[in-house]
$ cat my_file_28.cif   # mmCIF, C-alpha atoms and all ligand atoms
data_final
loop_
_atom_site.label_atom_id
_atom_site.label_comp_id
_atom_site.auth_asym_id
_atom_site.auth_seq_id
_atom_site.Cartn_x
_atom_site.Cartn_y
_atom_site.Cartn_z
CA MET A 1 93.53 135.07 81.82
CA ARG A 2 92.31 131.52 82.07
CA THR A 3 90.47 131.71 78.76
CA LEU A 4 93.55 133.08 77.00
CA THR A 5 95.79 130.32 78.36
CA LYS A 6 93.14 127.78 77.53
CA SER A 7 92.81 128.87 73.94
CA VAL A 8 96.61 128.86 73.50
CA SER A 9 96.89 125.43 75.06
CA ASN A 10 93.96 124.19 73.00
CA LYS A 11 95.86 125.18 69.86
CA LEU A 12 98.98 123.44 71.14
CA LEU A 13 96.84 120.48 72.04
CA ALA A 14 95.24 120.43 68.60
CA ALA A 15 98.66 120.51 66.92
CA GLY A 16 99.90 117.76 69.20
CA ALA A 17 96.81 115.66 68.65
CA LEU A 18 97.16 115.95 64.88
CA ALA A 19 100.78 114.80 64.97
CA LEU A 20 99.88 111.97 67.29
CA SER A 21 96.88 110.81 65.30
CA LEU A 22 99.17 109.94 62.40
CA ALA A 23 100.89 107.33 64.51
CA LEU A 24 98.63 106.38 67.38
CA PRO A 25 95.03 106.51 68.45
CA ALA A 26 94.44 109.74 70.45
CA GLN A 27 95.08 109.15 74.12
CA ALA A 28 96.47 110.87 77.20
CA ALA A 29 100.26 110.73 77.54
CA ILE A 30 100.29 109.31 81.06
CA ASN A 31 98.08 107.52 83.57
CA VAL A 32 97.99 109.09 87.02
CA LEU A 33 96.43 107.43 90.04
CA THR A 34 96.02 109.53 93.18
CA CYS A 35 95.16 108.33 96.67
CA GLU A 36 92.88 111.29 97.49
CA PRO A 37 90.58 113.51 95.36
CA GLU A 38 92.51 116.73 96.12
CA TRP A 39 95.58 115.36 94.33
CA ALA A 40 93.50 114.25 91.35
CA ALA A 41 92.14 117.81 91.12
CA LEU A 42 95.66 119.29 91.37
CA THR A 43 97.06 116.88 88.77
CA THR A 44 94.26 117.83 86.39
CA GLU A 45 95.04 121.54 86.92
CA LEU A 46 98.65 120.87 85.89
CA ALA A 47 98.34 118.15 83.28
CA GLY A 48 95.05 118.98 81.52
CA ASP A 49 94.42 116.49 78.74
CA LYS A 50 97.95 115.10 78.87
CA ALA A 51 97.06 112.82 81.76
CA SER A 52 94.29 110.42 82.44
CA VAL A 53 93.68 110.97 86.16
CA SER A 54 91.69 109.00 88.70
CA SER A 55 91.53 108.85 92.48
CA ALA A 56 91.55 105.70 94.61
CA THR A 57 89.14 107.31 97.07
CA ASN A 58 86.18 109.63 96.67
CA ALA A 59 85.41 112.64 98.85
CA LEU A 60 82.94 110.75 101.03
CA GLN A 61 85.42 108.02 101.93
CA ASP A 62 87.78 108.02 104.89
CA PRO A 63 91.26 108.14 103.34
CA HIS A 64 92.72 106.16 106.27
CA ARG A 65 90.65 103.11 105.34
CA VAL A 66 90.36 101.84 101.80
CA GLU A 67 89.70 98.38 100.45
CA ALA A 68 91.95 97.19 97.61
CA ARG A 69 89.21 96.00 95.23
CA PRO A 70 90.07 94.37 91.88
CA GLY A 71 89.19 97.51 89.88
CA LEU A 72 91.54 99.59 92.01
CA ILE A 73 94.33 97.04 91.68
CA ALA A 74 93.95 97.20 87.89
CA ARG A 75 94.21 101.03 87.91
CA THR A 76 97.30 100.75 90.11
CA ARG A 77 98.88 98.29 87.70
CA ASN A 78 98.46 100.76 84.79
CA ALA A 79 99.63 103.90 86.61
CA ASP A 80 102.72 105.79 85.42
CA LEU A 81 102.53 108.06 88.44
CA LEU A 82 101.02 107.60 91.90
CA VAL A 83 100.25 110.83 93.79
CA CYS A 84 99.46 110.40 97.48
CA THR A 85 99.57 112.39 100.69
CA GLY A 86 101.99 109.93 102.29
CA LEU A 87 103.24 110.58 105.85
CA ASP A 88 101.61 107.24 106.73
CA LEU A 89 98.06 108.45 105.95
CA GLU A 90 97.63 105.49 103.60
CA ALA A 91 99.82 103.09 105.62
CA GLY A 92 96.85 100.76 106.18
CA TRP A 93 96.20 100.03 102.50
CA LEU A 94 98.62 101.57 100.00
CA PRO A 95 101.69 99.34 100.51
CA LEU A 96 99.56 96.24 99.96
CA LEU A 97 97.84 97.78 96.94
CA VAL A 98 101.16 98.66 95.27
CA GLN A 99 102.52 95.21 96.04
CA GLN A 100 99.44 93.48 94.61
CA SER A 101 99.62 95.60 91.46
CA GLY A 102 103.14 94.36 90.68
CA ASN A 103 103.89 97.86 89.29
CA ALA A 104 107.52 98.51 90.28
CA LYS A 105 107.72 102.02 88.83
CA ILE A 106 105.30 103.47 91.40
CA ALA A 107 106.93 101.84 94.43
CA LYS A 108 108.09 104.10 97.26
CA GLY A 109 111.37 105.80 96.35
CA GLN A 110 110.77 105.56 92.58
CA PRO A 111 110.10 108.65 90.40
CA GLY A 112 106.61 107.22 89.82
CA TYR A 113 105.73 107.71 93.49
CA PHE A 114 105.00 111.31 94.53
CA GLU A 115 104.50 111.92 98.26
CA ALA A 116 102.74 115.30 98.52
CA GLY A 117 103.11 115.57 102.30
CA SER A 118 106.88 115.43 102.13
CA PHE A 119 107.07 118.88 100.46
CA VAL A 120 105.43 120.97 103.19
CA PRO A 121 106.29 122.11 106.74
CA ARG A 122 104.62 119.59 109.03
CA LEU A 123 102.53 120.05 112.18
CA ASP A 124 102.27 117.62 115.13
CA VAL A 125 105.66 115.98 114.57
CA PRO A 126 106.32 114.00 117.77
CA ALA A 127 109.40 115.11 119.74
CA LYS A 128 110.22 111.49 120.40
CA LEU A 129 108.75 108.21 119.26
CA ASP A 130 107.29 106.21 122.08
CA ARG A 131 105.36 103.06 121.21
CA ALA A 132 103.56 103.27 124.55
CA GLU A 133 101.72 106.36 123.29
CA GLY A 134 99.95 104.25 120.70
CA ASP A 135 99.69 104.83 116.98
CA VAL A 136 101.80 107.99 116.75
CA HIS A 137 102.51 109.39 113.28
CA ALA A 138 106.30 109.59 113.14
CA PHE A 139 106.20 112.06 110.23
CA GLY A 140 103.64 114.44 111.72
CA ASN A 141 100.00 115.17 110.93
CA PRO A 142 99.34 113.92 107.38
CA HIS A 143 96.22 116.01 106.58
CA VAL A 144 98.22 118.76 104.86
CA HIS A 145 95.94 119.87 102.01
CA LEU A 146 93.62 122.34 103.79
CA ASN A 147 96.32 125.00 103.98
CA PRO A 148 96.39 126.43 100.43
CA HIS A 149 100.01 127.51 100.90
CA ASN A 150 100.79 123.79 101.06
CA ILE A 151 98.89 123.26 97.80
CA ALA A 152 101.12 125.94 96.22
CA LEU A 153 104.32 124.22 97.40
CA ILE A 154 103.11 120.79 96.30
CA SER A 155 101.92 122.08 92.94
CA ALA A 156 105.40 123.38 92.02
CA GLN A 157 106.93 120.00 92.88
CA LEU A 158 104.21 118.01 91.14
CA ALA A 159 104.68 119.99 87.90
CA LYS A 160 108.39 119.06 87.97
CA ARG A 161 107.56 115.43 88.57
CA LEU A 162 105.08 115.33 85.67
CA ALA A 163 107.82 116.76 83.45
CA ALA A 164 110.29 114.10 84.65
CA ILE A 165 107.81 111.28 83.97
CA ASP A 166 106.75 112.72 80.59
CA PRO A 167 109.64 114.90 79.28
CA ALA A 168 108.01 115.40 75.87
CA ASN A 169 105.37 117.59 77.53
CA ALA A 170 107.65 119.36 80.03
CA ALA A 171 106.99 122.86 78.65
CA TYR A 172 103.25 122.23 78.72
CA TYR A 173 103.30 121.28 82.43
CA ALA A 174 105.51 124.27 83.29
CA ALA A 175 103.13 126.67 81.53
CA ARG A 176 100.10 125.26 83.27
CA GLN A 177 101.87 125.40 86.64
CA ALA A 178 102.74 129.10 86.10
CA ASP A 179 99.13 129.85 85.21
CA PHE A 180 97.78 127.88 88.18
CA ALA A 181 100.25 129.48 90.61
CA GLY A 182 99.16 132.97 89.56
CA ARG A 183 95.47 132.28 89.93
CA TRP A 184 96.06 130.40 93.19
CA SER A 185 97.98 133.17 94.94
CA GLN A 186 95.30 135.66 93.93
CA ALA A 187 92.63 133.34 95.36
CA MET A 188 94.61 132.90 98.59
CA ARG A 189 94.63 136.64 99.17
CA LYS A 190 90.86 136.71 98.68
CA TRP A 191 90.28 133.79 101.12
CA GLU A 192 92.56 135.33 103.73
CA THR A 193 90.61 138.61 103.59
CA GLN A 194 87.26 136.80 103.79
CA ALA A 195 88.45 134.63 106.69
CA ALA A 196 89.84 137.47 108.82
CA PRO A 197 86.88 137.24 111.30
CA LEU A 198 87.88 133.61 112.03
CA ARG A 199 91.16 134.59 113.69
CA GLY A 200 91.22 133.43 117.33
CA LEU A 201 88.17 131.17 116.88
CA THR A 202 88.05 128.07 119.11
CA LEU A 203 86.48 124.84 117.89
CA VAL A 204 86.00 121.14 118.47
CA GLU A 205 86.96 118.92 115.56
CA HIS A 206 85.95 115.33 114.89
CA HIS A 207 89.44 113.95 114.13
CA ARG A 208 92.78 115.77 114.06
CA ASN A 209 92.39 116.48 110.34
CA MET A 210 91.83 120.26 110.41
CA GLU A 211 95.17 121.33 111.96
CA TYR A 212 96.57 122.86 108.77
CA LEU A 213 93.33 124.74 108.10
CA MET A 214 93.36 126.07 111.68
CA SER A 215 96.99 127.10 111.54
CA TRP A 216 96.42 128.90 108.22
CA LEU A 217 93.42 130.90 109.50
CA GLY A 218 94.52 131.37 113.12
CA MET A 219 91.87 129.11 114.64
CA ARG A 220 92.44 126.84 117.64
CA GLN A 221 91.18 123.42 118.63
CA VAL A 222 89.97 122.90 122.23
CA GLY A 223 88.95 119.26 121.85
CA THR A 224 88.23 116.37 119.49
CA LEU A 225 85.13 114.20 119.29
CA GLU A 226 87.33 111.14 118.84
CA PRO A 227 88.87 110.00 122.13
CA LYS A 228 91.73 108.46 120.11
CA PRO A 229 92.53 108.72 116.38
CA GLY A 230 90.10 106.58 114.42
CA VAL A 231 87.91 105.71 117.44
CA GLU A 232 84.32 106.99 117.58
CA PRO A 233 83.34 108.46 120.99
CA SER A 234 81.04 106.78 123.51
CA ALA A 235 78.23 108.74 125.18
CA ALA A 236 80.34 108.96 128.36
CA GLN A 237 83.30 110.40 126.45
CA LEU A 238 81.08 113.00 124.80
CA GLY A 239 79.75 113.90 128.24
CA GLN A 240 83.31 114.50 129.45
CA LEU A 241 84.03 116.67 126.43
CA LEU A 242 80.87 118.70 127.09
CA ALA A 243 81.96 119.30 130.71
CA GLN A 244 85.43 120.28 129.54
CA LEU A 245 83.92 122.91 127.20
CA GLN A 246 82.62 124.81 130.24
CA GLN A 247 86.24 125.61 131.11
CA GLN A 248 87.38 126.11 127.51
CA PRO A 249 84.38 127.08 125.36
CA ALA A 250 84.25 126.34 121.64
CA LYS A 251 82.41 128.48 119.09
CA LEU A 252 81.58 125.55 116.80
CA VAL A 253 82.03 121.84 116.19
CA LEU A 254 83.64 121.03 112.86
CA ARG A 255 83.64 117.87 110.78
CA ALA A 256 84.47 116.72 107.28
CA ALA A 257 81.71 115.61 104.89
CA TYR A 258 82.93 112.00 105.08
CA GLN A 259 82.57 111.85 108.88
CA ASP A 260 79.51 110.57 110.75
CA GLU A 261 77.24 113.42 111.90
CA ARG A 262 75.91 111.89 115.13
CA ALA A 263 78.61 112.89 117.63
CA SER A 264 78.83 116.35 116.09
CA ASN A 265 75.07 116.91 116.35
CA TRP A 266 75.00 115.57 119.92
CA LEU A 267 77.59 118.12 121.02
CA SER A 268 76.03 120.92 118.98
CA GLN A 269 72.65 120.49 120.71
CA ARG A 270 74.02 120.30 124.23
CA ALA A 271 76.75 122.93 123.99
CA HIS A 272 74.48 125.23 121.93
CA ILE A 273 77.09 125.78 119.23
CA PRO A 274 76.69 125.27 115.48
CA ALA A 275 77.77 121.99 113.86
CA VAL A 276 79.69 122.94 110.71
CA VAL A 277 80.45 120.54 107.87
CA VAL A 278 83.21 121.37 105.40
CA PRO A 279 83.68 119.41 102.18
CA PHE A 280 87.27 118.56 103.24
CA THR A 281 88.15 117.61 99.69
CA VAL A 282 87.13 118.12 96.07
CA GLY A 283 83.84 116.54 95.03
CA ALA A 284 82.19 116.18 98.44
CA ASP A 285 79.24 118.29 97.25
CA LYS A 286 78.20 120.20 94.17
CA GLU A 287 79.70 123.44 95.52
CA SER A 288 83.19 121.89 95.71
CA GLY A 289 83.94 120.73 92.18
CA ASP A 290 87.56 121.88 92.00
CA LEU A 291 90.30 123.13 94.33
CA PHE A 292 89.22 126.78 94.07
CA ALA A 293 85.61 125.87 94.88
CA LEU A 294 86.77 123.67 97.78
CA PHE A 295 88.40 126.63 99.53
CA ASP A 296 85.61 129.06 98.56
CA THR A 297 83.09 126.72 100.20
CA THR A 298 85.25 126.01 103.26
CA VAL A 299 85.81 129.69 104.06
CA GLN A 300 82.16 130.49 103.38
CA ARG A 301 80.80 127.74 105.67
CA LEU A 302 83.05 128.85 108.54
CA THR A 303 82.39 132.57 108.24
CA GLN A 304 78.61 132.01 107.92
CA ALA A 305 78.63 129.94 111.12
CA VAL A 306 80.16 132.70 113.25
CA LYS A 307 78.17 135.61 111.83
ZN ZN B 401 94.08 111.26 110.29
#
$ encode --input "my_file_28.cif" --output "C-alpha cells"
Amino acid sequence: MRTLTKSVSNKLLAAGALALSLALPAQAAINVLTCEPEWAALTTELAGDKASVSSATNALQDPHRVEARPGLIARTRNADLLVCTGLDLEAGWLPLLVQQSGNAKIAKGQPGYFEAGSFVPRLDVPAKLDRAEGDVHAFGNPHVHLNPHNIALISAQLAKRLAAIDPANAAYYAARQADFAGRWSQAMRKWETQAAPLRGLTLVEHHRNMEYLMSWLGMRQVGTLEPKPGVEPSAAQLGQLLAQLQQQPAKLVLRAAYQDERASNWLSQRAHIPAVVVPFTVGADKESGDLFALFDTTVQRLTQAVK
C-alpha cells in the first residue's frame, strides 16, 4: 500500500517539480522547525518532500533544557511552521528562542505555531495551582507522544495545519495523512496485541515522562528515581526508594535513552530488577529510525524484559 501511494505521489511530485523548475530552483515548499524529533518524524510522514524539516533537539538531548545557539536561531528565523509539544515542556528555552529569531509568524497564537500537546487528553493536570508545591505544570504532563493514539490525534490536526500554511499542497497533505492514519491504526493493533503481557506491570521511572505510555499499555508507576522533576537523586534518596520498593515492588526500572544510566543501574542491582532503556523518541538508536520503528522497539524492549 505504501509503495502504491509512493509511486502515485512520486508522479505528482515529478509533475509539480517540472512546473516549478520553469520558474524557480527546485526546493521544498515550506520550512518546518520542530522542538522534538518525534514531531520532525511526523511532519515528514505528512509533508514528504514538500517540507524541509529539522528538529531543534536530537533524541539524546533532554527536551526540557536546550541552548539557543546561533545555528538554531537562524533555523527559527527561517521557519514557516514551528511544531512543538508545548504544555510548558519547552518553557525554559522556546519563548526566548522565538523572540531572538524575530520571526513573528511562529509566535504563540499564530497559525505558524503548532502546539501538539494541546490536541490530546492530558494526564496529571493539577486540580488546583499552588505555587507552594513547586514547579507544577498547569497544563498537565507534557510528555504526550508515547501513546500512539495521541500521535493519531495530533497527526490529523497537523495535516490540517500544513494545508493552512501551504494551501497549494492541501490535497497532497490530506492524501498523505489518510495513508499514514491507515498504516498507523493497523500498527497500533499489532503493538497492543504484542504488549498484552505488560498489563498490570509495576515499574520505577526516571522522570515522569512515561505516563502516557503506561496509561496506554496498562502499566503503573510505583516510584521515580528523581526526587523532584529535573533533580537527580542522591544516594540517600535512592536508598529510600529501595526501601519503599519492599512494600510496593517494581518489575523493572525504566529510563529514556537521553537519561543518565547511573541511578537506574544502582537500583537495578540492589532491587534485582532489570534496567530497561527505551529510545523515547525517533533517532535515539539505529532501531528507532521512524515513528513505527520507535514503537516497535519500545514494545519489544518492555516485553523482552518481563519474559
Ligand atoms: Zn518532564
$ closest_residue --input "my_file_28.cif" --among "A:Leu203, A:Thr43, A:Gln110, A:Glu38" --to "Ala59 in chain A" --atoms "only C-alpha atoms"
A:Glu38
$ closest_residue --input "my_file_28.cif" --among "A:Val144, A:Leu97, A:Ala152, A:Leu60" --to "ligand ZN 401 (chain B)" --atoms "all atoms listed in the file"
A:Val144
$ residues_near_ligand --input "my_file_28.cif" --ligand "ligand ZN 401 (chain B)" --cutoff "7 Å" --atoms "only C-alpha atoms and all ligand atoms" --output "list in words"
His64, Leu89, Pro142, His143, His207, Arg208, Asn209 and Pro229 of chain A
$ closest_atom_pairs --input "my_file_28.cif" --of "range 85-148 of chain A" --to "range 162-166 of chain A" --cutoff "10 Å" --atoms "all atoms listed in the file" --output "tab-separated table"
residue	atom	partner	partner_atom	distance
A:Pro111	CA	A:Ile165	CA	7.3
A:Gly112	CA	A:Ile165	CA	7.2
A:Phe114	CA	A:Leu162	CA	9.7
$ residues_around --input "my_file_28.cif" --residues "range 255-271 of chain A" --least-positions-apart "5" --cutoff "12 Å" --atoms "all atoms listed in the file" --output "PyMOL selection string"
chain A and resi 57-65+143+146+203-210+213+223-227+230-246+248-250+276-285+288+294+298+301-302
$ atom_distance --input "my_file_28.cif" --atom1 "CA of Gln300 in chain A" --atom2 "CA of Asn150 in chain A"
19.9 Å
$ residues_around --input "my_file_28.cif" --residues "Asn141 in chain A" --least-positions-apart "2" --cutoff "7 Å" --atoms "only C-alpha atoms" --output "ChimeraX atom specification"
/A:122-125,137,139,143
$ atom_distance --input "my_file_28.cif" --atom1 "CA of His272 in chain A" --atom2 "CA of Glu211 in chain A"
23.3 Å
$ closest_atom_pairs --input "my_file_28.cif" --of "range 90-137 of chain A" --to "range 70-81 of chain A" --cutoff "12 Å" --atoms "all atoms listed in the file" --output "JSON lines"
{"residue": "A:Trp93", "atom": "CA", "partner": "A:Ile73", "partner_atom": "CA", "distance": 11.4}
{"residue": "A:Leu94", "atom": "CA", "partner": "A:Thr76", "partner_atom": "CA", "distance": 10.0}
{"residue": "A:Pro95", "atom": "CA", "partner": "A:Thr76", "partner_atom": "CA", "distance": 11.4}
{"residue": "A:Leu96", "atom": "CA", "partner": "A:Ile73", "partner_atom": "CA", "distance": 9.8}
{"residue": "A:Leu97", "atom": "CA", "partner": "A:Ile73", "partner_atom": "CA", "distance": 6.4}
{"residue": "A:Val98", "atom": "CA", "partner": "A:Thr76", "partner_atom": "CA", "distance": 6.8}
{"residue": "A:Gln99", "atom": "CA", "partner": "A:Ile73", "partner_atom": "CA", "distance": 9.5}
{"residue": "A:Gln100", "atom": "CA", "partner": "A:Ile73", "partner_atom": "CA", "distance": 6.9}
{"residue": "A:Ser101", "atom": "CA", "partner": "A:Arg77", "partner_atom": "CA", "distance": 4.7}
{"residue": "A:Gly102", "atom": "CA", "partner": "A:Arg77", "partner_atom": "CA", "distance": 6.5}
{"residue": "A:Asn103", "atom": "CA", "partner": "A:Arg77", "partner_atom": "CA", "distance": 5.3}
{"residue": "A:Ala104", "atom": "CA", "partner": "A:Arg77", "partner_atom": "CA", "distance": 9.0}
{"residue": "A:Lys105", "atom": "CA", "partner": "A:Asp80", "partner_atom": "CA", "distance": 7.1}
{"residue": "A:Ile106", "atom": "CA", "partner": "A:Leu81", "partner_atom": "CA", "distance": 6.1}
{"residue": "A:Ala107", "atom": "CA", "partner": "A:Leu81", "partner_atom": "CA", "distance": 9.7}
{"residue": "A:Lys108", "atom": "CA", "partner": "A:Leu81", "partner_atom": "CA", "distance": 11.2}
{"residue": "A:Gln110", "atom": "CA", "partner": "A:Leu81", "partner_atom": "CA", "distance": 9.6}
{"residue": "A:Pro111", "atom": "CA", "partner": "A:Leu81", "partner_atom": "CA", "distance": 7.8}
{"residue": "A:Gly112", "atom": "CA", "partner": "A:Leu81", "partner_atom": "CA", "distance": 4.4}
{"residue": "A:Tyr113", "atom": "CA", "partner": "A:Leu81", "partner_atom": "CA", "distance": 6.0}
{"residue": "A:Phe114", "atom": "CA", "partner": "A:Leu81", "partner_atom": "CA", "distance": 7.3}
{"residue": "A:Glu115", "atom": "CA", "partner": "A:Leu81", "partner_atom": "CA", "distance": 10.7}
$ write_last_selection --input "my_file_28.cif" --atoms "C-alpha atoms" --output "short mmCIF file (atom, residue, chain, number, x, y, z; two decimals), in the coordinates of the input"
data_model
loop_
_atom_site.label_atom_id
_atom_site.label_comp_id
_atom_site.auth_asym_id
_atom_site.auth_seq_id
_atom_site.Cartn_x
_atom_site.Cartn_y
_atom_site.Cartn_z
CA TRP A 93 96.20 100.03 102.50
CA LEU A 94 98.62 101.57 100.00
CA PRO A 95 101.69 99.34 100.51
CA LEU A 96 99.56 96.24 99.96
CA LEU A 97 97.84 97.78 96.94
CA VAL A 98 101.16 98.66 95.27
CA GLN A 99 102.52 95.21 96.04
CA GLN A 100 99.44 93.48 94.61
CA SER A 101 99.62 95.60 91.46
CA GLY A 102 103.14 94.36 90.68
CA ASN A 103 103.89 97.86 89.29
CA ALA A 104 107.52 98.51 90.28
CA LYS A 105 107.72 102.02 88.83
CA ILE A 106 105.30 103.47 91.40
CA ALA A 107 106.93 101.84 94.43
CA LYS A 108 108.09 104.10 97.26
CA GLN A 110 110.77 105.56 92.58
CA PRO A 111 110.10 108.65 90.40
CA GLY A 112 106.61 107.22 89.82
CA TYR A 113 105.73 107.71 93.49
CA PHE A 114 105.00 111.31 94.53
CA GLU A 115 104.50 111.92 98.26
#
$ residues_around --input "my_file_28.cif" --residues "Thr202 in chain A" --least-positions-apart "6" --cutoff "8 Å" --atoms "only C-alpha atoms" --output "number ranges by chain"
A: 219-222, 249-252
$ atom_distance --input "my_file_28.cif" --atom1 "CA of Ala56 in chain A" --atom2 "CA of Lys160 in chain A"
22.5 Å
$ closest_residue --input "my_file_28.cif" --among "A:Lys286, A:Arg176, A:Arg189, A:Lys307" --to "Gly48 in chain A" --atoms "all atoms listed in the file"
A:Arg176
$ closest_residue --input "my_file_28.cif" --among "A:Gln177, A:Gly86, A:Met188, A:Phe295" --to "Ala138 in chain A" --atoms "only C-alpha atoms"
A:Gly86
$ closest_residue --input "my_file_28.cif" --among "A:Ala195, A:Cys84, A:Val66, A:Ala174" --to "Pro37 in chain A" --atoms "all atoms listed in the file"
A:Cys84
$ closest_residue --input "my_file_28.cif" --among "A:Gly218, A:Lys128, A:Gln27, A:Ala156" --to "Ala175 in chain A" --atoms "only C-alpha atoms"
A:Ala156
